[in-house]
>>> print(open('input11.txt').read())   # compact mmCIF, C-alpha atoms
# COMPACT_ATOMS: atom_id res chain seq x y z
CA MET A 1 147.94 106.94 202.93
CA SER A 2 144.88 105.87 200.93
CA THR A 3 145.15 104.67 197.35
CA PRO A 4 144.98 107.57 194.84
CA PHE A 5 142.71 105.71 192.45
CA ALA A 6 139.86 103.23 192.46
CA ILE A 7 140.76 99.54 192.74
CA ILE A 8 138.98 96.84 190.76
CA PRO A 9 139.30 93.76 192.98
CA ASP A 10 140.54 90.56 191.37
CA ASP A 11 137.53 88.25 191.08
CA GLY A 12 139.40 85.62 189.12
CA THR A 13 138.26 86.88 185.72
CA PRO A 14 140.29 88.91 183.21
CA LEU A 15 139.97 92.70 183.24
CA ARG A 16 137.53 93.71 180.51
CA VAL A 17 139.14 96.31 178.23
CA VAL A 18 138.31 98.36 175.16
CA VAL A 19 141.15 99.41 172.84
CA VAL A 20 140.78 102.86 171.27
CA GLY A 21 142.68 103.24 168.00
CA ALA A 22 142.95 100.52 165.37
CA GLY A 23 145.91 101.80 163.34
CA GLY A 24 149.38 100.27 163.17
CA MET A 25 150.22 100.63 166.87
CA GLY A 26 146.65 99.77 167.75
CA ARG A 27 147.03 96.44 165.95
CA ALA A 28 150.15 95.70 168.00
CA TRP A 29 148.25 96.42 171.21
CA LEU A 30 145.28 94.34 170.07
CA ARG A 31 147.53 91.33 169.51
CA THR A 32 149.14 91.83 172.92
CA VAL A 33 145.77 92.14 174.63
CA GLU A 34 144.42 89.05 172.87
CA SER A 35 147.43 86.99 173.98
CA SER A 36 147.30 88.08 177.64
CA PRO A 37 145.37 86.02 180.22
CA LEU A 38 145.11 89.15 182.40
CA VAL A 39 142.65 90.99 180.16
CA GLU A 40 139.70 90.32 177.89
CA LEU A 41 139.21 92.43 174.76
CA VAL A 42 135.54 93.39 174.66
CA GLY A 43 135.51 96.12 172.02
CA ILE A 44 137.45 98.34 169.61
CA VAL A 45 136.88 102.07 169.12
CA ASP A 46 137.97 103.99 166.04
CA LEU A 47 136.53 107.00 164.22
CA ASP A 48 136.73 104.84 161.10
CA LEU A 49 134.36 101.96 161.88
CA ALA A 50 135.58 100.01 158.86
CA THR A 51 139.13 100.12 160.24
CA ALA A 52 137.87 98.91 163.62
CA ALA A 53 135.93 96.08 161.97
CA GLU A 54 138.98 95.09 159.93
CA ALA A 55 141.07 94.99 163.09
CA ALA A 56 138.50 92.76 164.79
CA ALA A 57 138.44 90.44 161.79
CA SER A 58 142.25 90.25 161.76
CA LEU A 59 142.05 88.82 165.27
CA GLY A 60 139.59 86.16 164.12
CA ARG A 61 136.80 87.93 166.01
CA PRO A 62 134.58 89.52 163.34
CA ASP A 63 131.67 89.79 165.80
CA LEU A 64 133.64 91.86 168.33
CA PRO A 65 131.71 95.06 169.12
CA VAL A 66 133.12 98.21 167.53
CA GLY A 67 132.15 101.86 167.83
CA ALA A 68 133.22 105.45 167.32
CA GLY A 69 132.63 106.66 170.90
CA THR A 70 134.80 105.55 173.81
CA ALA A 71 132.44 105.98 176.74
CA ALA A 72 129.41 104.75 174.78
CA LEU A 73 130.98 101.50 173.63
CA ALA A 74 132.62 100.89 177.01
CA SER A 75 129.21 101.21 178.66
CA ASP A 76 127.54 98.95 176.10
CA VAL A 77 130.03 96.11 176.56
CA GLY A 78 130.67 96.51 180.29
CA ALA A 79 134.33 97.46 179.94
CA GLN A 80 136.37 98.03 183.10
CA ALA A 81 139.31 99.90 181.55
CA ILE A 82 140.46 101.69 178.40
CA ILE A 83 143.67 101.31 176.40
CA ASN A 84 144.21 104.52 174.42
CA VAL A 85 146.33 103.93 171.31
CA THR A 86 145.19 106.95 169.33
CA VAL A 87 147.45 109.54 167.70
CA PRO A 88 148.97 112.05 170.18
CA ALA A 89 146.48 114.80 169.23
CA ALA A 90 143.64 112.56 170.44
CA HIS A 91 145.23 111.51 173.73
CA HIS A 92 143.73 114.37 175.73
CA PRO A 93 140.09 114.15 174.57
CA VAL A 94 139.93 110.34 174.60
CA THR A 95 141.54 109.98 178.03
CA THR A 96 139.47 112.82 179.47
CA GLU A 97 136.28 111.12 178.26
CA ALA A 98 137.30 107.76 179.70
CA LEU A 99 138.33 109.16 183.12
CA ALA A 100 135.06 111.09 183.37
CA ALA A 101 133.20 107.86 182.65
CA GLY A 102 134.88 106.27 185.67
CA LEU A 103 137.34 104.16 183.71
CA PRO A 104 141.08 103.74 184.35
CA VAL A 105 143.24 104.36 181.29
CA LEU A 106 146.46 102.90 179.92
CA GLY A 107 147.65 105.26 177.19
CA GLU A 108 150.39 105.22 174.60
CA LYS A 109 153.18 107.76 174.96
CA PRO A 110 153.35 110.72 174.99
CA VAL A 111 150.96 111.53 177.81
CA ALA A 112 149.43 114.21 175.53
CA SER A 113 150.44 116.56 172.73
CA THR A 114 151.74 119.14 175.22
CA VAL A 115 152.78 119.34 178.85
CA ALA A 116 149.83 121.69 179.42
CA GLN A 117 147.42 118.99 178.24
CA GLY A 118 149.27 116.47 180.40
CA LEU A 119 148.67 118.65 183.45
CA SER A 120 144.97 118.74 182.58
CA LEU A 121 144.92 114.94 182.46
CA ALA A 122 146.73 114.66 185.79
CA ALA A 123 144.11 116.92 187.34
CA ALA A 124 141.30 114.92 185.72
CA ALA A 125 142.73 111.67 187.11
CA GLU A 126 142.76 113.24 190.59
CA LEU A 127 139.24 114.57 190.19
CA HIS A 128 137.73 111.26 189.12
CA GLY A 129 139.88 109.05 191.33
CA GLN A 130 140.99 106.88 188.40
CA LEU A 131 144.38 105.59 187.33
CA PHE A 132 145.89 107.07 184.20
CA MET A 133 149.13 105.33 183.27
CA VAL A 134 151.29 106.16 180.26
CA SER A 135 152.96 103.21 178.56
CA GLN A 136 156.65 104.09 178.30
CA SER A 137 157.18 100.64 176.90
CA ARG A 138 160.98 100.71 176.67
CA ARG A 139 161.23 100.90 180.46
CA TYR A 140 159.90 97.35 180.46
CA ASN A 141 163.17 95.64 179.68
CA ARG A 142 164.97 93.29 182.06
CA GLN A 143 168.37 94.39 180.72
CA LEU A 144 167.57 98.01 181.57
CA PHE A 145 166.72 96.92 185.11
CA GLU A 146 170.00 94.99 185.21
CA ALA A 147 171.94 98.08 184.10
CA LYS A 148 170.35 100.02 186.93
CA ARG A 149 171.20 97.25 189.42
CA LEU A 150 174.81 97.20 188.28
CA SER A 151 175.06 100.99 188.51
CA GLY A 152 174.33 100.72 192.22
CA SER A 153 177.93 99.59 192.73
CA LEU A 154 179.50 102.57 190.96
CA GLY A 155 179.30 104.95 193.90
CA ALA A 156 178.07 108.40 192.99
CA VAL A 157 176.86 108.40 189.39
CA GLY A 158 177.62 111.63 187.58
CA ILE A 159 177.14 111.01 183.86
CA VAL A 160 174.67 108.96 181.85
CA SER A 161 174.87 109.06 178.07
CA ALA A 162 172.74 107.53 175.33
CA GLU A 163 173.65 107.28 171.66
CA PHE A 164 170.83 106.57 169.22
CA PHE A 165 171.60 106.21 165.52
CA LYS A 166 169.04 104.63 163.19
CA ALA A 167 167.84 105.17 159.63
CA PRO A 168 164.17 104.13 159.41
CA HIS A 169 162.17 105.03 156.30
CA PHE A 170 158.72 105.26 157.84
CA GLY A 171 156.94 107.40 155.30
CA GLY A 172 153.74 109.06 156.47
CA PHE A 173 153.44 111.59 159.28
CA ARG A 174 156.92 111.13 160.78
CA ASP A 175 158.59 112.26 157.56
CA ALA A 176 156.63 115.53 157.75
CA MET A 177 157.00 116.25 161.50
CA ASP A 178 158.83 119.36 162.69
CA HIS A 179 160.84 117.44 165.31
CA PRO A 180 160.67 113.78 164.32
CA LEU A 181 163.53 112.51 166.48
CA LEU A 182 162.82 114.47 169.66
CA LEU A 183 159.03 114.19 169.54
CA ASP A 184 158.55 110.63 168.39
CA MET A 185 161.60 108.75 169.66
CA ALA A 186 163.86 110.58 172.11
CA ILE A 187 161.14 110.60 174.77
CA HIS A 188 161.95 106.90 175.24
CA GLN A 189 165.60 107.57 176.06
CA PHE A 190 164.72 110.62 178.14
CA ASP A 191 162.32 108.50 180.19
CA MET A 192 164.85 105.67 180.51
CA ALA A 193 167.44 108.14 181.83
CA ARG A 194 165.00 109.28 184.52
CA PHE A 195 164.56 105.62 185.48
CA LEU A 196 168.28 104.87 185.60
CA LEU A 197 169.06 107.94 187.71
CA ASP A 198 165.90 108.12 189.83
CA ALA A 199 166.04 111.82 188.98
CA ASP A 200 164.09 114.47 187.12
CA PRO A 201 165.29 117.22 184.77
CA VAL A 202 166.39 120.63 186.02
CA SER A 203 167.55 122.26 182.76
CA VAL A 204 168.66 121.42 179.23
CA PHE A 205 170.76 122.79 176.40
CA CYS A 206 169.91 121.23 173.05
CA GLU A 207 170.84 121.61 169.40
CA GLU A 208 168.68 120.19 166.59
CA TYR A 209 169.86 119.85 163.00
CA ASN A 210 169.06 118.03 159.77
CA PRO A 211 171.89 116.40 157.78
CA SER A 212 171.96 117.25 154.08
CA TRP A 213 170.96 113.72 153.07
CA SER A 214 168.01 113.50 155.48
CA TRP A 215 164.67 112.39 154.05
CA TYR A 216 162.80 114.05 156.93
CA ARG A 217 161.32 117.53 156.56
CA GLY A 218 162.05 118.38 160.18
CA ASP A 219 165.29 118.03 162.12
CA ALA A 220 166.29 114.36 162.33
CA GLY A 221 169.37 114.90 164.52
CA ALA A 222 169.79 116.29 168.03
CA THR A 223 172.25 116.54 170.89
CA ALA A 224 170.98 117.47 174.35
CA VAL A 225 172.65 117.87 177.74
CA PHE A 226 170.34 117.72 180.75
CA GLU A 227 171.12 118.68 184.31
CA MET A 228 169.20 116.33 186.62
CA THR A 229 167.95 116.86 190.17
CA GLY A 230 170.90 115.04 191.75
CA GLY A 231 173.40 117.17 189.84
CA GLU A 232 174.03 114.41 187.30
CA ARG A 233 174.26 115.07 183.57
CA PHE A 234 172.35 113.07 180.99
CA VAL A 235 173.69 113.43 177.44
CA PHE A 236 171.61 112.35 174.45
CA ASN A 237 173.15 112.20 170.98
CA GLY A 238 170.98 110.87 168.20
CA SER A 239 169.97 110.74 164.57
CA TRP A 240 167.14 109.14 162.63
CA CYS A 241 168.97 109.30 159.29
CA SER A 242 172.26 107.50 159.99
CA PRO A 243 172.49 104.25 158.00
CA GLY A 244 175.16 101.69 158.81
CA GLN A 245 176.44 100.46 162.18
CA GLU A 246 173.10 101.38 163.69
CA THR A 247 172.49 101.26 167.42
CA SER A 248 169.74 99.38 169.19
CA TRP A 249 166.28 100.91 169.22
CA ASN A 250 166.92 101.19 172.96
CA ALA A 251 170.11 103.23 172.24
CA SER A 252 173.62 102.49 173.46
CA TRP A 253 174.26 103.51 177.06
CA ARG A 254 177.17 104.48 179.31
CA ILE A 255 176.67 105.02 183.05
CA SER A 256 179.73 106.65 184.60
CA GLY A 257 180.25 106.73 188.34
CA GLU A 258 182.82 107.38 191.05
CA HIS A 259 184.21 103.83 191.00
CA GLY A 260 183.59 102.66 187.45
CA THR A 261 181.32 102.35 184.44
CA VAL A 262 178.37 100.29 183.23
CA LEU A 263 177.89 99.78 179.48
CA TRP A 264 174.71 98.54 177.80
CA ASP A 265 174.36 98.22 174.05
CA GLY A 266 170.56 98.12 174.31
CA ASP A 267 170.18 94.53 173.10
CA ASN A 268 172.48 92.36 175.23
CA GLU A 269 173.38 91.99 178.88
CA PRO A 270 174.95 95.13 180.37
CA VAL A 271 178.50 94.89 181.71
CA SER A 272 180.20 96.66 184.59
CA SER A 273 183.83 97.47 185.31
CA VAL A 274 183.07 96.94 189.01
CA PRO A 275 182.54 93.42 190.41
CA VAL A 276 178.93 93.01 191.54
CA SER A 277 177.46 90.25 193.68
CA GLY A 278 174.69 88.18 192.17
CA ASP A 279 174.43 86.40 188.86
CA ALA A 280 174.30 88.35 185.61
CA GLY A 281 170.69 88.95 184.74
CA SER A 282 169.49 88.40 188.31
CA SER A 283 167.53 91.65 188.44
CA GLU A 284 163.77 91.96 188.43
CA ASP A 285 161.98 91.04 185.20
CA PRO A 286 159.42 93.79 184.47
CA GLY A 287 158.06 92.08 181.36
CA GLN A 288 158.83 93.06 177.81
CA GLU A 289 157.74 96.38 176.28
CA ILE A 290 153.97 96.80 175.82
CA ALA A 291 153.25 93.39 177.38
CA GLY A 292 155.12 94.58 180.46
CA SER A 293 153.16 97.86 180.46
CA LEU A 294 149.91 95.93 180.30
CA ARG A 295 150.92 93.66 183.17
CA ASP A 296 151.95 96.65 185.31
CA PHE A 297 148.66 98.43 184.57
CA VAL A 298 146.50 95.44 185.49
CA SER A 299 148.48 94.89 188.69
CA ALA A 300 148.02 98.55 189.67
CA VAL A 301 144.28 98.51 188.99
CA ARG A 302 143.88 95.27 190.93
CA THR A 303 146.08 96.12 193.94
CA GLY A 304 146.46 99.91 194.10
CA SER A 305 150.23 99.77 193.50
CA THR A 306 151.79 102.74 191.72
CA PRO A 307 152.89 101.70 188.24
CA MET A 308 155.74 103.12 186.21
CA GLY A 309 154.25 105.76 183.94
CA GLN A 310 151.60 106.98 186.39
CA VAL A 311 150.53 110.28 184.84
CA HIS A 312 151.97 112.63 187.46
CA GLN A 313 155.38 110.97 187.17
CA ASN A 314 155.37 110.62 183.40
CA ILE A 315 154.72 114.27 182.58
CA MET A 316 158.36 114.99 183.40
CA SER A 317 159.46 112.86 180.43
CA LEU A 318 157.39 114.97 178.03
CA ALA A 319 158.70 118.09 179.78
CA MET A 320 162.21 116.98 178.80
CA VAL A 321 161.13 116.83 175.15
CA GLU A 322 159.44 120.24 175.19
CA ALA A 323 162.35 121.84 177.01
CA ALA A 324 164.83 120.38 174.52
CA ILE A 325 162.82 121.66 171.56
CA LEU A 326 162.54 125.11 173.14
CA SER A 327 166.26 125.20 173.86
CA ALA A 328 167.09 124.28 170.25
CA ALA A 329 164.74 126.94 168.95
CA ASN A 330 166.10 129.69 171.20
CA GLY A 331 169.75 128.63 171.35
CA THR A 332 169.71 128.94 175.14
CA ARG A 333 169.62 126.75 178.22
CA VAL A 334 166.01 126.16 179.31
CA SER A 335 164.86 125.79 182.92
CA VAL A 336 162.37 122.96 183.31
CA ASP A 337 160.65 124.73 186.21
CA THR A 338 160.04 127.73 183.95
CA LEU A 339 158.62 125.43 181.30
CA LEU A 340 156.35 123.76 183.86
CA GLU A 341 155.07 127.10 185.12
CA ASP A 342 154.39 128.34 181.58
CA SER A 343 152.58 125.06 180.80
CA TYR A 344 150.54 125.39 183.98
CA GLN A 345 149.37 128.86 182.98
CA GLN A 346 148.45 127.51 179.54
CA ALA A 347 146.53 124.67 181.17
CA LEU A 348 144.55 127.12 183.32
CA LEU A 349 143.62 129.19 180.27
CA ALA A 350 142.67 126.18 178.13
CA GLU A 351 140.74 124.08 180.64
CA ARG A 352 137.02 123.89 179.86
CA ASP A 353 135.90 121.57 182.67
CA PRO A 354 135.20 123.72 185.76
CA ALA A 355 135.87 120.84 188.16
CA VAL A 356 139.22 119.99 186.56
CA LEU A 357 140.09 123.70 186.60
CA GLU A 358 139.47 123.82 190.35
CA VAL A 359 141.89 120.94 190.87
CA LEU A 360 144.52 122.74 188.79
CA LYS A 361 144.00 125.96 190.72
CA SER A 362 144.49 124.10 194.02
CA TRP A 363 148.07 123.15 193.17
CA THR A 364 150.61 125.29 194.99
CA SER A 365 153.34 124.40 192.49
CA VAL A 366 153.51 122.10 189.50
CA ARG A 367 156.56 120.16 190.62
CA SER A 368 155.15 119.49 194.09
CA ALA A 369 151.80 118.47 192.61
CA LEU A 370 153.48 116.03 190.23
CA ALA A 371 155.68 114.63 192.98
CA GLY A 372 152.70 114.19 195.27
CA GLY A 373 150.25 112.94 192.66
CA SER A 374 151.00 109.27 193.17
CA ALA A 375 149.99 109.59 196.82
CA LEU A 376 146.88 111.69 196.32
CA THR A 377 143.25 110.75 196.22
CA GLY A 378 140.21 112.80 195.34
CA GLY A 379 138.95 114.87 198.25
CA SER A 380 142.10 114.51 200.37
CA ALA A 381 144.91 116.88 201.26
CA LEU A 382 148.62 116.22 200.89
CA ALA A 383 150.23 116.95 204.23
CA GLY A 384 152.80 119.70 204.05
CA GLU A 385 151.92 120.72 200.48
CA GLY A 386 148.54 122.38 201.01
CA ILE A 387 147.07 120.77 197.90
CA ARG A 388 143.28 120.47 198.06
CA LEU A 389 141.65 117.92 195.78
>>> encode(input="input11.txt", output="structure tokens")
Amino acid sequence: MSTPFAIIPDDGTPLRVVVVGAGGMGRAWLRTVESSPLVELVGIVDLDLATAAEAAASLGRPDLPVGAGTAALASDVGAQAIINVTVPAAHHPVTTEALAAGLPVLGEKPVASTVAQGLSLAAAAELHGQLFMVSQSRRYNRQLFEAKRLSGSLGAVGIVSAEFFKAPHFGGFRDAMDHPLLLDMAIHQFDMARFLLDADPVSVFCEEYNPSWSWYRGDAGATAVFEMTGGERFVFNGSWCSPGQETSWNASWRISGEHGTVLWDGDNEPVSSVPVSGDAGSSEDPGQEIAGSLRDFVSAVRTGSTPMGQVHQNIMSLAMVEAAILSAANGTRVSVDTLLEDSYQQALLAERDPAVLEVLKSWTSVRSALAGGSALTGGSALAGEGIRL
């Protein structure tokens, strides 16, 4: 099977990248990029040129090129890839522009503001034959990989639970969001559960609420029960306004199986009730958070390997968030396949690029297209699925 995206062969020089978005998270990415030998920062894009210039100066590079247009600056400086660290509302237009310019993209989570927009981006990646990877940075944690390794000795795993209790006073947009916990944070734990189980969501029942002392306008607490494709249940219980005895930012995890249990507090080595061969901590080291995402992205672009967070795979994590919010709003269990089909119809109606629309129309089902996306390449057909690209 041919590689689904263009490869940039390793010529011994760092990958030339432009970072789009110079806000708080953008600054974190800029520092990570500057410290990595795998990439070279060649420009910063931000609608506020003064903010971009300030970010360049903070790196000790006041002469670094800055601009307000992604494709234009990338062309001017000879960039080979884009790192999109804009606000979620800008993920779709910025990534679409970069893919159309023939540039692979590493983007901050979520993939887009909506699943429908995510489907559009998956189709655009297929159309242009470029990698679009979403940085689900909390997957890049050696202890998480160790928890998954240990869970392999539990026999059939039936229950995974995550407890997340923090009390951050962010101020700004999070305090005013409608669903601050589910939209801005829980996607991390939802995505981590998919990784631990090697499974995708089937349905969810969720309740959102806001404790009386909450400083958030929207609901800062939620409990969700997901049915996964292997029949397992993933239970998320969390709050963003619970001071005292707080959990890790990674949450506190329990993996329950036929023969025993694995516990991980999110910050220290996981432990298992079942003896496991191999030294503690002997699992693969994926790198740490956004530095690990960056390493995975560069490796994929250089070799054609499929990274964690490849757009077709990652959409299912956002689908978990949307399904949970819909369930809480309606007070009913929500089918993820129904949500995907509704999002697909929305994507067809909203798509303005005729070529991307044709790719979307060629999909026989959303779930099969997403499952097959990591093995697809522009102009090919996926055997047995009838998907024309």
>>> closest_residue(input="input11.txt", among="A:Pro37, A:Gly152, A:Gly218, A:Gly26", to="A:Gly257", atoms="only C-alpha atoms")
A:Gly152
>>> residues_around(input="input11.txt", residues="A:Gly12", least_positions_apart="4", cutoff="12 Å", atoms="all atoms listed in the file", output="PyMOL selection string")
chain A and resi 8+16+37-39+302
>>> residues_around(input="input11.txt", residues="stretch 337-339 of chain A", least_positions_apart="5", cutoff="9 Å", atoms="all atoms listed in the file", output="PyMOL selection string")
chain A and resi 115+201-203+319+322-323+344+366-367
>>> closest_atom_pairs(input="input11.txt", of="stretch 96-157 of chain A", to="stretch 250-254 of chain A", cutoff="12 Å", atoms="only C-alpha atoms", output="JSON lines")
{"residue": "A:Gln136", "atom": "CA", "partner": "A:Asn250", "partner_atom": "CA", "distance": 11.9}
{"residue": "A:Ser137", "atom": "CA", "partner": "A:Asn250", "partner_atom": "CA", "distance": 10.5}
{"residue": "A:Arg138", "atom": "CA", "partner": "A:Asn250", "partner_atom": "CA", "distance": 7.0}
{"residue": "A:Arg139", "atom": "CA", "partner": "A:Asn250", "partner_atom": "CA", "distance": 9.4}
{"residue": "A:Tyr140", "atom": "CA", "partner": "A:Asn250", "partner_atom": "CA", "distance": 11.0}
{"residue": "A:Asn141", "atom": "CA", "partner": "A:Asn250", "partner_atom": "CA", "distance": 9.5}
{"residue": "A:Gln143", "atom": "CA", "partner": "A:Asn250", "partner_atom": "CA", "distance": 10.4}
{"residue": "A:Leu144", "atom": "CA", "partner": "A:Asn250", "partner_atom": "CA", "distance": 9.2}
{"residue": "A:Ala147", "atom": "CA", "partner": "A:Trp253", "partner_atom": "CA", "distance": 9.2}
{"residue": "A:Lys148", "atom": "CA", "partner": "A:Arg254", "partner_atom": "CA", "distance": 11.2}
{"residue": "A:Leu150", "atom": "CA", "partner": "A:Arg254", "partner_atom": "CA", "distance": 11.8}
{"residue": "A:Ser151", "atom": "CA", "partner": "A:Arg254", "partner_atom": "CA", "distance": 10.1}
{"residue": "A:Val157", "atom": "CA", "partner": "A:Arg254", "partner_atom": "CA", "distance": 10.8}
>>> write_last_selection(input="input11.txt", atoms="C-alpha atoms", output="PDB file, keeping the file's coordinate frame")
ATOM      1  CA  GLN A 136     156.650 104.090 178.300  1.00  0.00           C
ATOM      2  CA  SER A 137     157.180 100.640 176.900  1.00  0.00           C
ATOM      3  CA  ARG A 138     160.980 100.710 176.670  1.00  0.00           C
ATOM      4  CA  ARG A 139     161.230 100.900 180.460  1.00  0.00           C
ATOM      5  CA  TYR A 140     159.900  97.350 180.460  1.00  0.00           C
ATOM      6  CA  ASN A 141     163.170  95.640 179.680  1.00  0.00           C
ATOM      7  CA  GLN A 143     168.370  94.390 180.720  1.00  0.00           C
ATOM      8  CA  LEU A 144     167.570  98.010 181.570  1.00  0.00           C
ATOM      9  CA  ALA A 147     171.940  98.080 184.100  1.00  0.00           C
ATOM     10  CA  LYS A 148     170.350 100.020 186.930  1.00  0.00           C
ATOM     11  CA  LEU A 150     174.810  97.200 188.280  1.00  0.00           C
ATOM     12  CA  SER A 151     175.060 100.990 188.510  1.00  0.00           C
ATOM     13  CA  VAL A 157     176.860 108.400 189.390  1.00  0.00           C
TER      14      VAL A 157
END
>>> atom_distance(input="input11.txt", atom1="atom CA of A:Leu30", atom2="atom CA of A:Val85")
9.7 Å
>>> residues_near_point(input="input11.txt", point="(138.5, 120.4, 188.5)", cutoff="9 Å", atoms="only C-alpha atoms", output="compact mmCIF listing (two decimals) with C-alpha atoms, in the frame of the given file")
# COMPACT_ATOMS: atom_id res chain seq x y z
CA SER A 120 144.97 118.74 182.58
CA ALA A 123 144.11 116.92 187.34
CA ALA A 124 141.30 114.92 185.72
CA GLU A 126 142.76 113.24 190.59
CA LEU A 127 139.24 114.57 190.19
CA GLU A 351 140.74 124.08 180.64
CA ASP A 353 135.90 121.57 182.67
CA PRO A 354 135.20 123.72 185.76
CA ALA A 355 135.87 120.84 188.16
CA VAL A 356 139.22 119.99 186.56
CA LEU A 357 140.09 123.70 186.60
CA GLU A 358 139.47 123.82 190.35
CA VAL A 359 141.89 120.94 190.87
CA LEU A 360 144.52 122.74 188.79
CA LYS A 361 144.00 125.96 190.72
CA SER A 362 144.49 124.10 194.02
CA LEU A 389 141.65 117.92 195.78
>>> closest_residue(input="input11.txt", among="A:Gly238, A:Pro307, A:Gly23, A:Gly278", to="A:Cys206", atoms="only C-alpha atoms")
A:Gly238
>>> residues_near_point(input="input11.txt", point="(147.1, 111.0, 184.7)", cutoff="9 Å", atoms="only C-alpha atoms", output="PyMOL selection string")
chain A and resi 95+105+111+118-126+130-134+309-315+373
>>> closest_residue(input="input11.txt", among="A:Gly107, A:Tyr209, A:Phe164, A:Ala57", to="A:Ala329", atoms="all atoms listed in the file")
A:Tyr209
>>> closest_residue(input="input11.txt", among="A:Val77, A:Arg61, A:Asn330, A:Ser317", to="A:Val17", atoms="only C-alpha atoms")
A:Val77
>>> atom_distance(input="input11.txt", atom1="atom CA of A:Leu349", atom2="atom CA of A:Ala371")
22.8 Å
>>> residues_around(input="input11.txt", residues="A:Tyr216", least_positions_apart="5", cutoff="10 Å", atoms="all atoms listed in the file", output="list of chain:residue names")
A:His169, A:Phe170, A:Gly171, A:Phe173, A:Arg174, A:Asp175, A:Ala176, A:Met177, A:Asp178, A:His179, A:Pro180, A:Leu181, A:Asn210, A:Pro211, A:Trp240, A:Cys241
>>> axis_aligned_box(input="input11.txt", around="stretch 173-182 of chain A", padding_each_side="3 Å", output="lines of an AutoDock Vina configuration file")
center_x = 158.5
center_y = 115.2
center_z = 163.6
size_x = 16.1
size_y = 14.2
size_z = 18.1
>>> residues_around(input="input11.txt", residues="A:Thr303", least_positions_apart="2", cutoff="12 Å", atoms="all atoms listed in the file", output="list in words")
Thr3, Pro4, Phe5, Ala6, Ile7, Ile8, Pro9, Asp10, Asp11, Leu131, Asp296, Phe297, Val298, Ser299, Ala300, Val301, Ser305, Thr306 and Pro307 of chain A
>>> atom_distance(input="input11.txt", atom1="atom CA of A:Asp198", atom2="atom CA of A:Ile82")
28.6 Å
>>> closest_residue(input="input11.txt", among="A:His188, A:Arg217, A:Arg233, A:His259", to="A:Asp200", atoms="all atoms listed in the file")
A:Arg233
